[in-house]
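Enquirer: Structure supplied as upload-v9.cif; contents: mmCIF, C-alpha atoms.
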data_structure
#
loop_
_atom_site.label_atom_id
_atom_site.label_comp_id
_atom_site.auth_asym_id
_atom_site.auth_seq_id
_atom_site.Cartn_x
_atom_site.Cartn_y
_atom_site.Cartn_z
CA MET A 1 118.22 -38.07 139.71
CA LEU A 2 121.03 -36.38 141.55
CA ASN A 3 121.45 -36.79 145.29
CA LYS A 4 121.69 -33.88 147.77
CA LYS A 5 125.47 -34.06 148.05
CA THR A 6 125.84 -33.75 144.29
CA LEU A 7 123.48 -30.78 144.16
CA HIS A 8 125.31 -29.04 147.02
CA ALA A 9 128.64 -29.68 145.27
CA ILE A 10 127.27 -28.17 142.05
CA HIS A 11 126.11 -25.08 143.97
CA ALA A 12 129.56 -24.78 145.57
CA LEU A 13 131.27 -25.06 142.18
CA VAL A 14 129.00 -22.40 140.67
CA HIS A 15 129.86 -20.06 143.59
CA ILE A 16 133.58 -20.73 143.15
CA ALA A 17 133.32 -20.29 139.37
CA SER A 18 131.57 -16.92 139.78
CA LEU A 19 134.63 -15.48 141.53
CA PRO A 20 137.05 -13.35 139.52
CA GLN A 21 139.98 -15.20 137.95
CA GLY A 22 142.73 -15.99 140.47
CA VAL A 23 140.56 -15.31 143.52
CA SER A 24 140.01 -18.15 145.98
CA ILE A 25 137.34 -18.54 148.63
CA SER A 26 137.64 -19.99 152.13
CA THR A 27 135.38 -22.75 153.39
CA THR A 28 134.03 -20.42 156.06
CA GLU A 29 132.95 -17.80 153.53
CA LEU A 30 131.58 -20.39 151.11
CA SER A 31 129.60 -22.12 153.88
CA ARG A 32 128.12 -18.76 154.88
CA GLN A 33 127.04 -18.06 151.30
CA LEU A 34 125.60 -21.55 150.76
CA HIS A 35 124.05 -21.83 154.25
CA LEU A 36 125.83 -25.15 154.86
CA SER A 37 127.93 -26.19 157.83
CA VAL A 38 131.69 -25.85 157.45
CA SER A 39 132.30 -29.54 158.21
CA TYR A 40 129.76 -30.72 155.62
CA LEU A 41 131.18 -28.35 153.02
CA GLU A 42 134.71 -29.54 153.78
CA SER A 43 133.61 -33.14 153.13
CA LEU A 44 132.19 -32.06 149.75
CA LEU A 45 135.31 -30.09 148.84
CA LYS A 46 137.51 -33.05 149.80
CA ILE A 47 135.73 -35.26 147.26
CA LEU A 48 135.93 -32.50 144.64
CA ARG A 49 139.65 -32.07 145.33
CA GLU A 50 140.32 -35.84 145.13
CA ASN A 51 138.56 -35.90 141.75
CA LYS A 52 140.66 -32.93 140.57
CA LEU A 53 137.69 -30.61 140.12
CA VAL A 54 138.97 -27.98 142.59
CA CYS A 55 142.39 -27.13 143.95
CA SER A 56 143.16 -25.65 147.33
CA THR A 57 145.71 -23.28 148.77
CA ARG A 58 146.60 -23.46 152.46
CA GLY A 59 147.34 -20.67 154.86
CA PRO A 60 146.17 -17.08 155.23
CA GLY A 61 144.58 -15.85 152.03
CA GLY A 62 144.16 -19.44 150.85
CA GLY A 63 141.02 -21.18 149.80
CA TYR A 64 139.51 -23.08 146.91
CA GLU A 65 139.59 -22.43 143.17
CA LEU A 66 138.42 -24.44 140.19
CA ALA A 67 141.02 -26.83 138.79
CA LEU A 68 139.54 -26.49 135.29
CA PRO A 69 137.86 -23.58 133.54
CA ALA A 70 134.14 -23.48 134.35
CA SER A 71 133.34 -23.85 130.64
CA GLN A 72 135.06 -27.27 130.64
CA LEU A 73 133.67 -28.57 133.94
CA SER A 74 130.57 -30.66 133.18
CA VAL A 75 127.84 -31.51 135.64
CA TRP A 76 128.40 -35.18 134.74
CA SER A 77 131.96 -35.03 136.12
CA VAL A 78 130.53 -33.81 139.44
CA ALA A 79 127.81 -36.49 139.39
CA GLN A 80 130.43 -39.19 138.81
CA ALA A 81 132.38 -38.01 141.84
CA PHE A 82 129.38 -38.28 144.17
CA ASP A 83 126.96 -40.82 142.75
CA ASP A 84 127.84 -44.47 143.17
CA ARG A 85 126.02 -46.05 140.27
CA SER A 86 126.49 -49.78 140.51
CA LYS A 87 126.37 -51.97 137.41
CA PRO A 88 123.23 -54.11 137.04
CA GLN A 89 123.51 -57.84 137.66
CA ALA A 90 123.77 -60.02 134.56
CA PRO A 91 120.92 -62.51 133.93
CA THR A 92 121.56 -65.98 135.34
CA SER A 93 120.04 -67.81 132.36
CA VAL A 94 120.66 -67.51 128.62
CA TYR A 95 116.91 -67.29 128.03
CA GLN A 96 116.32 -64.67 130.69
CA ILE A 97 116.00 -61.00 129.71
CA ASP A 98 116.54 -58.39 132.39
CA LEU A 99 114.22 -55.57 131.35
CA ASP A 100 115.19 -53.50 134.37
CA ALA A 101 118.83 -53.60 133.29
CA LEU A 102 118.00 -52.77 129.66
CA LEU A 103 115.75 -49.86 130.59
CA GLY A 104 118.14 -48.70 133.31
CA GLY A 105 121.05 -48.76 130.87
CA ALA A 106 119.11 -46.72 128.30
CA ILE A 107 118.02 -44.17 130.90
CA GLU A 108 121.55 -43.96 132.35
CA SER A 109 122.97 -43.38 128.86
CA GLN A 110 120.55 -40.50 128.23
CA PHE A 111 121.15 -39.10 131.70
CA GLN A 112 124.91 -39.13 131.13
CA SER A 113 124.52 -37.53 127.71
CA ILE A 114 122.40 -34.68 129.06
CA LEU A 115 124.62 -33.97 132.10
CA SER A 116 127.76 -34.11 129.93
CA SER A 117 126.38 -31.27 127.82
CA ILE A 118 125.73 -29.00 130.81
CA PHE A 119 128.69 -27.05 132.19
CA ILE A 120 129.23 -25.18 135.45
CA GLY A 121 130.11 -22.07 133.43
CA ASN A 122 126.55 -21.96 132.07
CA TYR A 123 125.28 -20.81 135.48
CA THR A 124 127.92 -18.35 136.67
CA HIS A 125 126.25 -15.39 134.94
CA GLU A 126 123.11 -15.99 137.02
CA MET A 127 125.02 -15.48 140.28
CA GLU A 128 124.85 -12.08 141.88
CA PRO A 129 128.20 -10.87 143.15
CA SER A 130 128.15 -11.17 146.91
CA ASP A 131 129.70 -8.62 149.17
CA THR A 132 132.03 -10.44 151.55
CA ARG A 133 132.13 -7.56 154.01
CA ASN A 134 129.86 -7.71 156.99
CA GLY A 135 127.08 -5.19 156.66
CA PRO A 136 124.97 -3.80 159.47
CA ASN A 137 122.33 -6.51 158.91
CA ASP A 138 124.79 -9.40 158.76
CA TRP A 139 124.50 -11.00 162.18
CA ARG A 140 126.94 -13.92 162.26
CA PHE A 141 125.23 -15.97 164.96
CA GLY A 142 121.62 -15.23 164.07
CA PHE A 143 121.22 -12.87 167.02
CA LYS A 144 119.83 -9.42 166.58
CA PRO A 145 120.78 -6.58 168.89
CA LEU A 146 118.66 -6.29 172.00
CA ALA A 147 116.31 -3.38 172.45
CA PRO A 148 117.64 -0.83 174.93
CA SER A 149 116.58 -1.80 178.40
CA TYR A 150 114.20 0.39 180.35
CA VAL A 151 115.93 2.21 183.15
CA PRO A 152 113.47 3.69 185.67
CA VAL A 153 114.09 7.15 186.97
CA ALA A 154 114.15 7.02 190.75
CA PRO A 155 116.00 8.64 193.61
CA ASN A 156 119.26 7.13 194.77
CA SER A 157 118.43 7.32 198.41
CA VAL A 158 115.66 8.05 200.85
CA PHE A 159 117.12 11.50 201.39
CA GLN A 160 116.54 12.42 197.72
CA LEU A 161 112.94 11.19 197.72
CA SER A 162 111.48 14.56 198.53
CA GLN A 163 113.45 16.21 195.72
CA PHE A 164 112.30 13.50 193.35
CA MET A 165 108.66 13.99 194.29
CA GLY A 166 108.98 17.77 193.98
CA LEU A 167 108.17 18.33 197.61
CA ARG A 168 109.93 20.60 199.97
CA ALA A 169 111.89 18.90 202.61
CA THR A 170 110.65 19.68 206.10
CA ALA A 171 112.85 19.22 209.05
#
Now, as a test, write the supplied structure out as structure tokens.

Expert:
Amino acid sequence: MLNKKTLHAIHALVHIASLPQGVSISTTELSRQLHLSVSYLESLLKILRENKLVCSTRGPGGGYELALPASQLSVWSVAQAFDDRSKPQAPTSVYQIDLDALLGGAIESQFQSILSSIFIGNYTHEMEPSDTRNGPNDWRFGFKPLAPSYVPVAPNSVFQLSQFMGLRATA
């Protein structure tokens, strides 16, 4: 199975792939859409960049874009970047058969075959275009506006008390 980092990276790539051609996305905006922290997302994007799956542009208006077309970017290439699949140990004796290694190798081969046939571009049509503008219900810090506070109606001073109560002042 795929680990959490790999799944988050696949989600990030699908979001990036769903953008119009030539448009990049910042880590802040992508983290907001994926509900991940910026630092965690940056660690994922660093691995994707080192494996030449995304490219980045610095500065204002910069961000991340896919390095390859989404139709050529397989899920297996993402899994290889994040999953450290160690080779099984060879048997110590000539007469010893390592069934775990044989079964593991067969399963790994099928797993690789299936993930190599699935591409990031297969899922971009399922993404709804997100509006990057902040709407009235988009509260950045999770705070909602406070209800208006109750302000009691009362006189400012003792001298206005009789007016407030509707009584005539007697001197």

Enquirer: On this structure, the PyMOL selection byres ((chain A and resi 114-116) around 10) would catch which residues? List them as a ChimeraX atom specification, sorted by chain and number.

Expert: /A:73-79,108-113,117-119

Enquirer: Counting only C-alpha atoms, figure out which residue out of A:Ala81, A:Val14, A:Leu161, A:Ile107 gets nearest to His125 (chain A).

Expert: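 The answer is A:Val14, which sits nearest to His125 (chain A).
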
Enquirer: Which residues match the PyMOL selection byres ((chain A and resi 10) around 10) in the file above, as an MDAnalysis selection string?

Expert: chainID A and resid 4:9 11:16 44 74:75 78:79 120

Enquirer: Create the file for the chosen residues now, containing C-alpha atoms and written as a short mmCIF file (atom, residue, chain, number, x, y, z; two decimals), in the frame of the given file.

Expert:
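Saved as out-v3.cif:
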data_model
loop_
_atom_site.label_atom_id
_atom_site.label_comp_id
_atom_site.auth_asym_id
_atom_site.auth_seq_id
_atom_site.Cartn_x
_atom_site.Cartn_y
_atom_site.Cartn_z
CA LYS A 4 121.69 -33.88 147.77
CA LYS A 5 125.47 -34.06 148.05
CA THR A 6 125.84 -33.75 144.29
CA LEU A 7 123.48 -30.78 144.16
CA HIS A 8 125.31 -29.04 147.02
CA ALA A 9 128.64 -29.68 145.27
CA HIS A 11 126.11 -25.08 143.97
CA ALA A 12 129.56 -24.78 145.57
CA LEU A 13 131.27 -25.06 142.18
CA VAL A 14 129.00 -22.40 140.67
CA HIS A 15 129.86 -20.06 143.59
CA ILE A 16 133.58 -20.73 143.15
CA LEU A 44 132.19 -32.06 149.75
CA SER A 74 130.57 -30.66 133.18
CA VAL A 75 127.84 -31.51 135.64
CA VAL A 78 130.53 -33.81 139.44
CA ALA A 79 127.81 -36.49 139.39
CA ILE A 120 129.23 -25.18 135.45
#

Enquirer: Work out how far CA of Met1 (chain A) is from CA of Ser56 (chain A), in Å to one decimal.

Expert: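 One can read the CA of Ser56 (chain A) to CA of Met1 (chain A) distance as 28.9 Å.
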
Enquirer: Restricting the calculation to all atoms listed in the file, which member of A:Ser43, A:Ser157, A:Thr57, A:Ser162 is positioned closest to Ser24 (chain A)?

Expert: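 Using all atoms listed in the file, the shortest distance to Ser24 (chain A) belongs to A:Thr57.
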
Enquirer: So what do you get for CA of Leu68 (chain A) versus CA of Lys52 (chain A), distance-wise?

Expert: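 The value is 8.4 Å.
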
Enquirer: How far is it from CA of Met165 (chain A) to CA of Val153 (chain A), in Å with one decimal?

Expert: 11.4 Å

Enquirer: Pick the closest to Gly62 (chain A) from A:Gln33, A:Val38, A:Leu19, A:Ile25: which is it, counting all atoms listed in the file?

Expert: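 Using all atoms listed in the file, the shortest distance to Gly62 (chain A) belongs to A:Ile25.
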
Enquirer: Taking the file as I've supplied it (selection: the PyMOL selection byres ((chain A and resi 66) around 8)), which residues are included? Please answer as number ranges by chain.

Expert: A: 13, 16-17, 53-55, 64-65, 67-70
